[in-house]
$ cat data-v9.tsv   # TSV, C-alpha atoms
chain	number	residue	atom	x	y	z
A	1	MET	CA	-17.87	3.70	1.20
A	2	LEU	CA	-14.66	5.01	2.69
A	3	LEU	CA	-10.98	4.32	2.12
A	4	LEU	CA	-8.91	3.86	5.25
A	5	VAL	CA	-5.27	3.20	5.95
A	6	ASP	CA	-4.09	1.80	9.25
A	7	ASN	CA	-1.09	2.96	11.26
A	8	GLU	CA	0.95	-0.18	10.49
A	9	THR	CA	0.69	0.53	6.76
A	10	ILE	CA	1.65	4.19	7.25
A	11	ILE	CA	4.73	3.15	9.25
A	12	GLU	CA	5.63	0.51	6.65
A	13	LEU	CA	5.40	3.17	3.94
A	14	ALA	CA	7.61	5.56	5.91
A	15	VAL	CA	10.26	2.85	6.27
A	16	LEU	CA	10.12	2.16	2.52
A	17	VAL	CA	10.49	5.82	1.63
A	18	GLY	CA	12.87	7.04	4.31
A	19	GLY	CA	14.42	4.05	6.07
A	20	GLU	CA	14.17	2.63	9.61
A	21	ASP	CA	14.46	6.01	11.38
A	22	ALA	CA	11.60	7.35	9.25
A	23	GLY	CA	9.50	4.47	10.58
A	24	ARG	CA	10.34	5.42	14.18
A	25	ILE	CA	9.56	9.07	13.49
A	26	MET	CA	6.25	8.15	11.87
A	27	LYS	CA	5.27	5.93	14.79
A	28	LEU	CA	5.74	8.80	17.23
A	29	LEU	CA	4.07	11.31	14.91
A	30	LEU	CA	0.97	9.12	14.72
A	31	LYS	CA	0.86	9.03	18.51
A	32	LYS	CA	1.50	12.76	18.92
A	33	PRO	CA	0.22	14.78	16.00
A	34	GLY	CA	1.64	18.30	15.95
A	35	ILE	CA	4.97	17.27	17.51
A	36	THR	CA	7.97	19.44	16.54
A	37	ASP	CA	11.24	18.28	14.99
A	38	GLU	CA	13.13	19.07	18.21
A	39	GLU	CA	10.73	17.06	20.34
A	40	LEU	CA	11.07	14.16	17.91
A	41	SER	CA	14.84	14.41	18.08
A	42	ARG	CA	14.84	14.40	21.90
A	43	SER	CA	12.39	11.51	22.24
A	44	LEU	CA	14.01	9.27	19.65
A	45	GLN	CA	17.63	10.19	20.29
A	46	ILE	CA	18.17	11.01	16.62
A	47	GLU	CA	20.16	14.11	15.65
A	48	VAL	CA	17.81	17.00	14.90
A	49	ARG	CA	19.41	17.54	11.47
A	50	GLU	CA	18.65	13.95	10.53
A	51	VAL	CA	15.08	14.26	11.86
A	52	ARG	CA	14.55	17.37	9.70
A	53	ARG	CA	16.04	15.67	6.64
A	54	ILE	CA	13.64	12.73	7.03
A	55	LEU	CA	10.61	14.95	7.76
A	56	HIS	CA	11.26	17.08	4.69
A	57	LYS	CA	11.77	13.99	2.55
A	58	LEU	CA	8.39	12.62	3.67
A	59	ASN	CA	6.87	16.07	3.15
A	60	GLU	CA	8.28	16.28	-0.40
A	61	GLN	CA	6.57	12.97	-1.16
A	62	GLY	CA	3.32	14.41	0.19
A	63	ILE	CA	3.03	11.97	3.10
A	64	LEU	CA	3.39	14.61	5.84
A	65	HIS	CA	2.46	18.23	6.20
A	66	TYR	CA	3.42	20.90	8.69
A	67	GLU	CA	2.10	23.99	10.37
A	68	LEU	CA	4.54	26.88	10.70
A	69	THR	CA	4.48	29.04	13.83
A	70	ARG	CA	6.98	31.36	15.48
A	71	ASP	CA	8.41	31.32	18.95
A	72	LYS	CA	7.14	34.56	20.55
A	73	GLU	CA	10.34	35.13	22.50
A	74	THR	CA	13.08	34.13	20.09
A	75	GLY	CA	11.23	34.60	16.80
A	76	HIS	CA	12.50	31.18	15.62
A	77	ARG	CA	10.33	29.22	13.22
A	78	ILE	CA	8.62	26.17	14.71
A	79	PHE	CA	7.42	23.33	12.46
A	80	LYS	CA	4.58	21.23	13.83
A	81	TRP	CA	4.22	17.97	11.89
A	82	TYR	CA	1.10	16.00	10.95
A	83	VAL	CA	0.24	12.85	9.00
A	84	GLY	CA	-2.78	13.10	6.69
A	85	GLN	CA	-4.78	9.89	6.06
A	86	GLU	CA	-5.94	11.17	2.68
A	87	GLN	CA	-2.46	12.27	1.70
A	88	VAL	CA	-1.08	8.81	2.50
A	89	ILE	CA	-3.86	7.05	0.58
A	90	GLY	CA	-3.26	9.36	-2.39
A	91	TYR	CA	0.47	8.64	-2.28
A	92	ILE	CA	-0.06	4.87	-2.20
A	93	ILE	CA	-2.55	4.90	-5.08
A	94	THR	CA	-0.38	7.23	-7.21
A	95	ASN	CA	2.66	5.03	-6.69
A	96	MET	CA	0.75	1.83	-7.38
A	97	ASN	CA	-0.36	3.36	-10.69
A	98	LYS	CA	3.22	4.33	-11.47
A	99	ILE	CA	4.45	0.80	-10.74
A	100	LEU	CA	1.65	-0.61	-12.89
A	101	ASP	CA	2.68	1.64	-15.81
A	102	ARG	CA	6.28	0.51	-15.44
A	103	LEU	CA	5.28	-3.14	-15.49
A	104	ARG	CA	3.15	-2.59	-18.61
A	105	GLU	CA	6.08	-0.91	-20.31
A	106	ARG	CA	8.38	-3.72	-19.25
A	107	ILE	CA	6.09	-6.50	-20.50
A	108	GLU	CA	5.89	-4.88	-23.95
A	109	TYR	CA	9.69	-4.75	-24.01
A	110	GLU	CA	10.12	-8.34	-22.85
A	111	ARG	CA	7.59	-9.63	-25.40
A	112	SER	CA	9.15	-7.83	-28.33
A	113	HIS	CA	12.82	-8.69	-27.82
A	114	GLN	CA	15.14	-11.68	-27.83
A	115	PHE	CA	17.60	-11.59	-24.92
A	116	TYR	CA	21.15	-12.85	-24.49
A	117	TRP	CA	22.70	-13.54	-21.08
A	118	CYS	CA	25.86	-14.99	-19.57
A	119	GLY	CA	23.85	-16.71	-16.82
A	120	SER	CA	25.44	-14.85	-13.86
A	121	GLN	CA	23.02	-13.26	-11.39
A	122	GLY	CA	23.08	-9.47	-11.51
A	123	HIS	CA	24.67	-9.33	-14.96
A	124	PRO	CA	22.69	-7.60	-17.72
A	125	LYS	CA	20.56	-9.36	-20.30
A	126	LEU	CA	21.27	-7.83	-23.68
A	127	VAL	CA	18.92	-7.46	-26.63
A	128	PHE	CA	20.13	-8.87	-29.97
A	129	GLU	CA	21.53	-5.56	-31.32
A	130	ASP	CA	23.52	-4.93	-28.14
A	131	ALA	CA	24.74	-8.53	-28.01
A	132	VAL	CA	26.04	-8.23	-31.60
A	133	GLU	CA	27.79	-4.98	-30.68
A	134	LYS	CA	29.50	-6.74	-27.75
A	135	LEU	CA	30.41	-9.71	-29.98
A	136	PHE	CA	28.22	-11.96	-27.80
A	137	ARG	CA	30.41	-11.46	-24.72
A	138	CYS	CA	29.03	-10.29	-21.36
A	139	PRO	CA	30.13	-6.65	-20.80
A	140	THR	CA	30.54	-7.38	-17.07
A	141	CYS	CA	32.41	-10.71	-16.93
A	142	GLY	CA	33.38	-11.43	-20.54
A	143	LYS	CA	31.69	-14.86	-20.60
A	144	PRO	CA	29.91	-15.89	-23.84
A	145	LEU	CA	26.27	-14.80	-24.13
A	146	GLN	CA	23.58	-17.42	-24.72
A	147	PRO	CA	19.94	-16.92	-25.79
A	148	HIS	CA	17.85	-16.38	-22.65
A	149	ASP	CA	14.30	-17.66	-22.18
A	150	ASN	CA	12.31	-14.84	-20.51
A	151	SER	CA	8.96	-16.66	-20.39
A	152	GLU	CA	8.97	-16.89	-16.56
A	153	LEU	CA	9.49	-13.13	-16.27
A	154	ILE	CA	6.64	-12.53	-18.72
A	155	GLN	CA	4.36	-14.79	-16.66
A	156	ALA	CA	5.41	-12.97	-13.48
A	157	LEU	CA	4.68	-9.62	-15.14
A	158	GLU	CA	1.24	-10.79	-16.33
A	159	TRP	CA	0.43	-12.04	-12.82
A	160	LYS	CA	1.53	-8.86	-11.05
A	161	ILE	CA	-0.14	-6.55	-13.59
A	162	GLU	CA	-3.43	-8.36	-13.07
A	163	GLN	CA	-3.06	-8.28	-9.28
A	164	ILE	CA	-2.31	-4.55	-9.10
A	165	SER	CA	-4.96	-3.62	-11.71
A	166	LYS	CA	-7.67	-5.52	-9.85
A	167	TYR	CA	-6.74	-3.93	-6.53
A	168	LEU	CA	-6.67	-0.44	-8.03
A	169	GLU	CA	-10.06	-1.04	-9.66
A	170	GLN	CA	-11.51	-1.97	-6.25
A	171	LEU	CA	-10.05	1.16	-4.67
A	172	GLU	CA	-11.27	3.31	-7.54
A	173	LYS	CA	-14.80	1.97	-7.13
A	174	VAL	CA	-14.81	2.90	-3.44
A	175	ARG	CA	-13.29	6.30	-4.22
A	176	LYS	CA	-16.04	7.04	-6.75
A	177	VAL	CA	-18.72	6.21	-4.20
A	178	GLU	CA	-16.88	8.39	-1.66
A	179	VAL	CA	-16.85	11.34	-4.10
A	180	GLU	CA	-20.52	10.82	-5.03
A	181	GLN	CA	-21.50	10.67	-1.36
A	182	GLY	CA	-19.50	13.83	-0.70
A	183	GLU	CA	-21.20	15.66	-3.54
A	184	ALA	CA	-24.64	14.42	-2.50
A	185	ARG	CA	-24.00	15.80	0.99
A	186	LYS	CA	-22.91	19.27	-0.25
A	187	PRO	CA	-26.26	20.78	-1.36
A	188	ALA	CA	-28.00	19.34	1.69
A	189	GLY	CA	-25.40	21.05	3.88
A	190	LYS	CA	-25.99	24.40	2.16
A	191	LYS	CA	-29.73	24.17	2.64
A	192	GLY	CA	-29.31	23.39	6.31
B	193	MET	CA	-9.26	6.38	11.16
B	194	PRO	CA	-10.75	9.60	9.80
B	195	GLN	CA	-13.62	9.67	12.29
B	196	LYS	CA	-13.14	9.49	16.04
B	197	LEU	CA	-13.92	5.99	17.24
B	198	THR	CA	-13.90	4.41	20.67
B	199	LYS	CA	-11.49	1.51	21.21
B	200	LEU	CA	-14.38	-0.97	20.99
B	201	GLU	CA	-15.72	0.57	17.77
B	202	GLU	CA	-12.24	0.40	16.28
B	203	ARG	CA	-11.93	-3.28	17.23
B	204	ALA	CA	-15.33	-3.97	15.70
B	205	ILE	CA	-14.31	-2.29	12.44
B	206	LYS	CA	-11.02	-4.21	12.33
B	207	LEU	CA	-12.89	-7.49	12.79
B	208	LEU	CA	-15.44	-6.58	10.12
B	209	LEU	CA	-12.66	-5.64	7.69
B	210	LYS	CA	-11.44	-9.23	7.88
B	211	HIS	CA	-14.82	-10.14	6.35
B	212	GLU	CA	-14.91	-7.29	3.85
B	213	GLU	CA	-17.09	-9.01	1.26
B	214	THR	CA	-19.73	-10.79	3.34
B	215	GLY	CA	-19.69	-8.99	6.67
B	216	LEU	CA	-20.59	-10.75	9.94
B	217	LEU	CA	-23.82	-11.60	11.73
B	218	GLN	CA	-24.10	-9.25	14.67
B	219	SER	CA	-24.16	-12.12	17.15
B	220	GLU	CA	-20.88	-13.42	15.71
B	221	LEU	CA	-19.32	-10.00	16.13
B	222	TRP	CA	-20.51	-9.57	19.74
B	223	HIS	CA	-19.10	-13.00	20.52
B	224	LYS	CA	-15.71	-12.07	19.03
B	225	LEU	CA	-15.69	-8.71	20.80
B	226	GLY	CA	-16.78	-10.23	24.11
B	227	VAL	CA	-19.64	-7.78	24.68
B	228	THR	CA	-23.33	-8.20	25.49
B	229	SER	CA	-25.90	-7.97	22.69
B	230	ARG	CA	-27.22	-4.71	24.14
B	231	GLU	CA	-23.79	-3.13	24.15
B	232	GLY	CA	-23.11	-4.58	20.71
B	233	SER	CA	-26.29	-3.17	19.19
B	234	ARG	CA	-25.33	0.25	20.45
B	235	ILE	CA	-21.92	-0.01	18.76
B	236	ALA	CA	-23.48	-1.17	15.48
B	237	ILE	CA	-25.96	1.71	15.43
B	238	LYS	CA	-23.18	4.21	16.12
B	239	LEU	CA	-21.02	2.78	13.33
B	240	GLU	CA	-23.97	2.89	10.93
B	241	LYS	CA	-24.60	6.53	11.81
B	242	LYS	CA	-20.93	7.28	11.09
B	243	GLY	CA	-21.40	5.71	7.64
B	244	MET	CA	-18.87	2.95	8.28
B	245	ILE	CA	-21.15	-0.10	8.11
B	246	LYS	CA	-24.61	-1.06	6.91
B	247	ARG	CA	-26.97	-3.29	8.94
B	248	VAL	CA	-28.78	-5.71	6.66
B	249	LYS	CA	-31.79	-7.70	7.92
B	250	GLU	CA	-31.26	-11.46	7.57
B	251	PHE	CA	-33.02	-14.65	8.68
B	252	ALA	CA	-30.36	-16.86	10.24
B	253	LYS	CA	-30.30	-19.54	12.94
B	254	ASP	CA	-34.13	-19.62	13.10
B	255	ARG	CA	-34.56	-15.93	13.80
B	256	TRP	CA	-34.39	-12.50	12.29
B	257	THR	CA	-31.06	-10.80	12.92
B	258	ARG	CA	-28.78	-8.29	11.25
B	259	ARG	CA	-25.70	-8.78	9.14
B	260	LEU	CA	-23.10	-6.05	9.60
B	261	VAL	CA	-21.32	-5.22	6.33
B	262	PRO	CA	-18.38	-2.79	6.30
B	263	LEU	CA	-18.70	0.20	3.97
B	264	ILE	CA	-15.01	0.92	4.18
B	265	LYS	CA	-11.98	-0.51	2.45
B	266	GLN	CA	-8.56	-0.74	3.94
B	267	VAL	CA	-5.71	0.45	1.73
B	268	ASN	CA	-2.56	-1.61	2.19
B	269	LEU	CA	0.69	-2.34	0.41
B	270	ASP	CA	0.13	-6.08	-0.13
B	271	VAL	CA	0.19	-6.08	-3.94
B	272	VAL	CA	3.37	-3.98	-4.12
B	273	ARG	CA	5.12	-5.33	-1.02
B	274	GLY	CA	8.81	-5.73	-1.77
B	275	ALA	CA	8.71	-3.48	-4.85
B	276	PRO	CA	11.98	-1.55	-5.10
B	277	CYS	CA	10.32	1.61	-6.47
B	278	PHE	CA	9.30	3.28	-3.18
B	279	SER	CA	12.87	3.57	-1.97
B	280	CYS	CA	14.48	3.99	-5.40
B	281	GLU	CA	16.21	7.31	-6.05
B	282	PHE	CA	14.96	7.17	-9.66
B	283	ASN	CA	11.30	6.79	-8.63
B	284	PRO	CA	10.32	10.31	-9.74
B	285	VAL	CA	12.00	9.97	-13.17
B	286	CYS	CA	11.33	6.31	-14.05
B	287	GLY	CA	8.75	5.44	-16.71
B	288	ARG	CA	7.57	6.15	-20.24
B	289	GLU	CA	8.06	9.89	-20.03
B	290	GLY	CA	10.93	9.84	-17.57
B	291	SER	CA	14.67	9.84	-18.14
B	292	VAL	CA	15.11	6.34	-16.67
B	293	SER	CA	13.56	3.21	-18.15
B	294	PRO	CA	12.19	0.28	-16.15
B	295	ASN	CA	13.01	-2.04	-19.08
B	296	THR	CA	16.51	-2.81	-17.86
B	297	CYS	CA	15.85	-2.54	-14.11
B	298	LEU	CA	17.28	-5.61	-12.40
B	299	LEU	CA	15.63	-4.71	-9.08
B	300	ILE	CA	12.13	-4.87	-10.61
B	301	GLU	CA	13.03	-8.17	-12.27
B	302	ASP	CA	14.34	-9.69	-9.01
B	303	TRP	CA	11.25	-8.53	-7.09
B	304	LEU	CA	8.85	-9.93	-9.69
B	305	LEU	CA	10.56	-13.29	-10.02
B	306	ALA	CA	10.93	-13.76	-6.25
B	307	SER	CA	7.30	-12.90	-5.51
B	308	TYR	CA	6.01	-14.97	-8.46
B	309	ARG	CA	8.03	-18.00	-7.35
B	310	ALA	CA	6.79	-17.61	-3.76
B	311	TYR	CA	3.21	-17.41	-5.05
B	312	LYS	CA	3.66	-20.53	-7.20
B	313	GLU	CA	5.20	-22.40	-4.27
B	314	ALA	CA	2.30	-21.45	-1.98
B	315	GLN	CA	-0.14	-22.58	-4.68
B	316	ALA	CA	1.62	-25.95	-5.05
B	317	LYS	CA	1.59	-26.46	-1.26
B	318	ALA	CA	-2.13	-25.65	-1.09
B	319	ARG	CA	-2.81	-28.15	-3.90
B	320	GLN	CA	-0.80	-30.83	-2.08
B	321	LYS	CA	-2.75	-30.20	1.13
B	322	GLY	CA	-6.00	-30.42	-0.82
B	323	ARG	CA	-4.99	-33.77	-2.32
B	324	ARG	CA	-4.06	-35.17	1.10
B	325	LYS	CA	-7.45	-34.14	2.51
B	326	GLY	CA	-9.24	-35.58	-0.53

$ encode --input "data-v9.tsv" --output "structure tokens"
Amino acid sequence: MLLLVDNETIIELAVLVGGEDAGRIMKLLLKKPGITDEELSRSLQIEVREVRRILHKLNEQGILHYELTRDKETGHRIFKWYVGQEQVIGYIITNMNKILDRLRERIEYERSHQFYWCGSQGHPKLVFEDAVEKLFRCPTCGKPLQPHDNSELIQALEWKIEQISKYLEQLEKVRKVEVEQGEARKPAGKKG
Amino acid sequence: MPQKLTKLEERAIKLLLKHEETGLLQSELWHKLGVTSREGSRIAIKLEKKGMIKRVKEFAKDRWTRRLVPLIKQVNLDVVRGAPCFSCEFNPVCGREGSVSPNTCLLIEDWLLASYRAYKEAQAKARQKGRRKG
């Protein structure tokens, strides 16, 4: 078993992490692995500074890596950029796990508190202690706070937690097989 | 794709990934790819050698044939599509041990409620369709 990620997903991820220009950069990088920041800048008509900022952001997240060489004549450093399938898969799985942890934390919080809300979208829902402190007035608009039923949010959390957990379990199963197959191949390789 | 594939092999894998659980009979795949059975068998054998599929013997349509089952799984963002976390500046510090808590995050709440409502709506529509057919 093998885990794969297609180019559309890699581009979608780049857009999520670095914005629309990151998506354009990623698209070209997938077509031309080893392209330099200056070549990217010329081809996409994006300022080289901005290209470098995006590339380093994606590199910090572990989605891209580079190879450093030097120009023989000028001595300037040249960064050649690459996308790693495994790096991208690792990034997606790590972040899915992080999101799952956050949702588990949130559901505990939602289940164990009573909330008060003014009813206006975007305004905070306060727990009882905070509502008392604010004399049951919304800190944003000043309207009176009413008890808020959070059962729909709890249902949504339960649904999403189950969905992400199941998906991660499937990926983990495949990953285990991948590791086992890799290890099974190692000694055979040495013998040969 | 980690291994080098020809365009036709890549198309075959993409088609097979749409039938991740059950795979496809090889004749069905050749038909979808628009290739001859001879050409198709060659592709299947190559993909099996690369460890990307398994060819399982099966008796179907009055003859022995092979079912092609993918041994790969595509990673995608479906279950977290729309989540605000990927582009959030607090992503690295949000969580139980971080300095920011997801408990009061309105963006997470909006994402969850919107996707849950869309899911419920799709479910209701599917049920309605089912009733009409019934």

$ interface_residues --input "data-v9.tsv" --of "chain B" --to "chain A" --cutoff "7 Å" --atoms "all atoms listed in the file" --output "MDAnalysis selection string"
chainID B and resid 193 263:269 271 278:279 287 294:295 304:305 308

$ axis_aligned_box --input "data-v9.tsv" --around "range 272-290 of chain B" --padding-each-side "4 Å" --output "JSON"
{"center_x": 9.8, "center_y": 2.3, "center_z": -10.6, "size_x": 20.8, "size_y": 24.0, "size_z": 27.2}

$ closest_residue --input "data-v9.tsv" --among "B:Arg259, B:Lys241, B:Lys253, B:Arg230" --to "Leu217 in chain B" --atoms "only C-alpha atoms"
B:Arg259

$ residues_around --input "data-v9.tsv" --residues "Ile78 in chain A" --least-positions-apart "3" --cutoff "6 Å" --atoms "all atoms listed in the file" --output "JSON, numbers by chain"
{"A": [68, 69, 70]}

$ write_last_selection --input "data-v9.tsv" --atoms "C-alpha atoms" --output "PDB file, in the coordinates of the input"
ATOM      1  CA  LEU A  68       4.540  26.880  10.700  1.00  0.00           C
ATOM      2  CA  THR A  69       4.480  29.040  13.830  1.00  0.00           C
ATOM      3  CA  ARG A  70       6.980  31.360  15.480  1.00  0.00           C
TER       4      ARG A  70
END

$ atom_distance --input "data-v9.tsv" --atom1 "CA of Ser151 in chain A" --atom2 "CA of His113 in chain A"
11.6 Å

$ closest_residue --input "data-v9.tsv" --among "B:Pro262, B:Lys246, B:Cys277, B:Ile237" --to "Glu212 in chain B" --atoms "only C-alpha atoms"
B:Pro262

$ atom_distance --input "data-v9.tsv" --atom1 "CA of Glu38 in chain A" --atom2 "CA of Ile63 in chain A"
19.5 Å

$ build_atoms --input "data-v9.tsv" --residues "range 259-283 of chain B" --atoms "N, CA, C and O atoms" --output "PDB file, keeping the file's coordinate frame"
ATOM      1  N   ARG B 259     -27.074  -8.535   9.591  1.00  0.00           N
ATOM      2  CA  ARG B 259     -25.700  -8.780   9.140  1.00  0.00           C
ATOM      3  C   ARG B 259     -25.020  -7.419   9.055  1.00  0.00           C
ATOM      4  O   ARG B 259     -25.588  -6.471   8.494  1.00  0.00           O
ATOM      5  N   LEU B 260     -23.821  -7.325   9.612  1.00  0.00           N
ATOM      6  CA  LEU B 260     -23.100  -6.050   9.600  1.00  0.00           C
ATOM      7  C   LEU B 260     -22.053  -6.092   8.476  1.00  0.00           C
ATOM      8  O   LEU B 260     -21.144  -6.926   8.496  1.00  0.00           O
ATOM      9  N   VAL B 261     -22.230  -5.215   7.490  1.00  0.00           N
ATOM     10  CA  VAL B 261     -21.320  -5.220   6.330  1.00  0.00           C
ATOM     11  C   VAL B 261     -20.521  -3.914   6.332  1.00  0.00           C
ATOM     12  O   VAL B 261     -21.101  -2.826   6.382  1.00  0.00           O
ATOM     13  N   PRO B 262     -19.178  -4.025   6.290  1.00  0.00           N
ATOM     14  CA  PRO B 262     -18.380  -2.790   6.300  1.00  0.00           C
ATOM     15  C   PRO B 262     -18.541  -1.982   5.011  1.00  0.00           C
ATOM     16  O   PRO B 262     -18.627  -2.565   3.925  1.00  0.00           O
ATOM     17  N   LEU B 263     -18.612  -0.679   5.148  1.00  0.00           N
ATOM     18  CA  LEU B 263     -18.700   0.200   3.970  1.00  0.00           C
ATOM     19  C   LEU B 263     -17.356   0.880   3.735  1.00  0.00           C
ATOM     20  O   LEU B 263     -17.285   1.905   3.078  1.00  0.00           O
ATOM     21  N   ILE B 264     -16.320   0.316   4.342  1.00  0.00           N
ATOM     22  CA  ILE B 264     -15.010   0.920   4.180  1.00  0.00           C
ATOM     23  C   ILE B 264     -14.033  -0.100   3.617  1.00  0.00           C
ATOM     24  O   ILE B 264     -14.251  -1.300   3.738  1.00  0.00           O
ATOM     25  N   LYS B 265     -12.999   0.403   2.983  1.00  0.00           N
ATOM     26  CA  LYS B 265     -11.980  -0.510   2.450  1.00  0.00           C
ATOM     27  C   LYS B 265     -10.619  -0.061   2.944  1.00  0.00           C
ATOM     28  O   LYS B 265     -10.300   1.121   2.905  1.00  0.00           O
ATOM     29  N   GLN B 266      -9.881  -1.039   3.410  1.00  0.00           N
ATOM     30  CA  GLN B 266      -8.560  -0.740   3.940  1.00  0.00           C
ATOM     31  C   GLN B 266      -7.533  -0.717   2.803  1.00  0.00           C
ATOM     32  O   GLN B 266      -7.478  -1.654   2.017  1.00  0.00           O
ATOM     33  N   VAL B 267      -6.768   0.368   2.739  1.00  0.00           N
ATOM     34  CA  VAL B 267      -5.710   0.450   1.730  1.00  0.00           C
ATOM     35  C   VAL B 267      -4.444  -0.131   2.353  1.00  0.00           C
ATOM     36  O   VAL B 267      -4.072   0.246   3.461  1.00  0.00           O
ATOM     37  N   ASN B 268      -3.828  -1.078   1.668  1.00  0.00           N
ATOM     38  CA  ASN B 268      -2.560  -1.610   2.190  1.00  0.00           C
ATOM     39  C   ASN B 268      -1.565  -1.791   1.044  1.00  0.00           C
ATOM     40  O   ASN B 268      -1.887  -1.504  -0.113  1.00  0.00           O
ATOM     41  N   LEU B 269      -0.382  -2.259   1.410  1.00  0.00           N
ATOM     42  CA  LEU B 269       0.690  -2.340   0.410  1.00  0.00           C
ATOM     43  C   LEU B 269       0.901  -3.766  -0.101  1.00  0.00           C
ATOM     44  O   LEU B 269       1.904  -4.052  -0.746  1.00  0.00           O
ATOM     45  N   ASP B 270      -0.054  -4.663   0.198  1.00  0.00           N
ATOM     46  CA  ASP B 270       0.130  -6.080  -0.130  1.00  0.00           C
ATOM     47  C   ASP B 270       0.579  -6.341  -1.569  1.00  0.00           C
ATOM     48  O   ASP B 270       1.521  -7.091  -1.788  1.00  0.00           O
ATOM     49  N   VAL B 271      -0.120  -5.737  -2.540  1.00  0.00           N
ATOM     50  CA  VAL B 271       0.190  -6.080  -3.940  1.00  0.00           C
ATOM     51  C   VAL B 271       1.520  -5.500  -4.428  1.00  0.00           C
ATOM     52  O   VAL B 271       2.025  -5.915  -5.476  1.00  0.00           O
ATOM     53  N   VAL B 272       2.065  -4.544  -3.689  1.00  0.00           N
ATOM     54  CA  VAL B 272       3.370  -3.980  -4.120  1.00  0.00           C
ATOM     55  C   VAL B 272       4.444  -4.206  -3.054  1.00  0.00           C
ATOM     56  O   VAL B 272       5.512  -3.595  -3.114  1.00  0.00           O
ATOM     57  N   ARG B 273       4.139  -5.084  -2.091  1.00  0.00           N
ATOM     58  CA  ARG B 273       5.120  -5.330  -1.020  1.00  0.00           C
ATOM     59  C   ARG B 273       6.401  -5.885  -1.639  1.00  0.00           C
ATOM     60  O   ARG B 273       6.364  -6.787  -2.465  1.00  0.00           O
ATOM     61  N   GLY B 274       7.520  -5.280  -1.247  1.00  0.00           N
ATOM     62  CA  GLY B 274       8.810  -5.730  -1.770  1.00  0.00           C
ATOM     63  C   GLY B 274       9.246  -5.000  -3.030  1.00  0.00           C
ATOM     64  O   GLY B 274      10.385  -5.140  -3.473  1.00  0.00           O
ATOM     65  N   ALA B 275       8.341  -4.207  -3.623  1.00  0.00           N
ATOM     66  CA  ALA B 275       8.710  -3.480  -4.850  1.00  0.00           C
ATOM     67  C   ALA B 275       9.832  -2.492  -4.528  1.00  0.00           C
ATOM     68  O   ALA B 275       9.783  -1.818  -3.504  1.00  0.00           O
ATOM     69  N   PRO B 276      10.841  -2.425  -5.417  1.00  0.00           N
ATOM     70  CA  PRO B 276      11.980  -1.550  -5.100  1.00  0.00           C
ATOM     71  C   PRO B 276      11.675  -0.059  -5.316  1.00  0.00           C
ATOM     72  O   PRO B 276      12.426   0.801  -4.875  1.00  0.00           O
ATOM     73  N   CYS B 277      10.564   0.233  -6.001  1.00  0.00           N
ATOM     74  CA  CYS B 277      10.320   1.610  -6.470  1.00  0.00           C
ATOM     75  C   CYS B 277      10.194   2.648  -5.350  1.00  0.00           C
ATOM     76  O   CYS B 277      10.657   3.772  -5.500  1.00  0.00           O
ATOM     77  N   PHE B 278       9.544   2.292  -4.228  1.00  0.00           N
ATOM     78  CA  PHE B 278       9.300   3.280  -3.180  1.00  0.00           C
ATOM     79  C   PHE B 278      10.598   3.889  -2.641  1.00  0.00           C
ATOM     80  O   PHE B 278      10.644   5.053  -2.309  1.00  0.00           O
ATOM     81  N   SER B 279      11.639   3.040  -2.548  1.00  0.00           N
ATOM     82  CA  SER B 279      12.870   3.570  -1.970  1.00  0.00           C
ATOM     83  C   SER B 279      13.923   3.876  -3.048  1.00  0.00           C
ATOM     84  O   SER B 279      15.058   4.216  -2.722  1.00  0.00           O
ATOM     85  N   CYS B 280      13.517   3.777  -4.306  1.00  0.00           N
ATOM     86  CA  CYS B 280      14.480   3.990  -5.400  1.00  0.00           C
ATOM     87  C   CYS B 280      14.677   5.478  -5.658  1.00  0.00           C
ATOM     88  O   CYS B 280      13.711   6.234  -5.762  1.00  0.00           O
ATOM     89  N   GLU B 281      15.949   5.877  -5.813  1.00  0.00           N
ATOM     90  CA  GLU B 281      16.210   7.310  -6.050  1.00  0.00           C
ATOM     91  C   GLU B 281      15.668   7.760  -7.414  1.00  0.00           C
ATOM     92  O   GLU B 281      15.461   8.939  -7.646  1.00  0.00           O
ATOM     93  N   PHE B 282      15.457   6.812  -8.323  1.00  0.00           N
ATOM     94  CA  PHE B 282      14.960   7.170  -9.660  1.00  0.00           C
ATOM     95  C   PHE B 282      13.439   7.146  -9.749  1.00  0.00           C
ATOM     96  O   PHE B 282      12.874   7.325 -10.828  1.00  0.00           O
ATOM     97  N   ASN B 283      12.769   6.890  -8.623  1.00  0.00           N
ATOM     98  CA  ASN B 283      11.300   6.790  -8.630  1.00  0.00           C
ATOM     99  C   ASN B 283      10.620   7.962  -9.354  1.00  0.00           C
ATOM    100  O   ASN B 283       9.734   7.756 -10.176  1.00  0.00           O
TER     101      ASN B 283
END
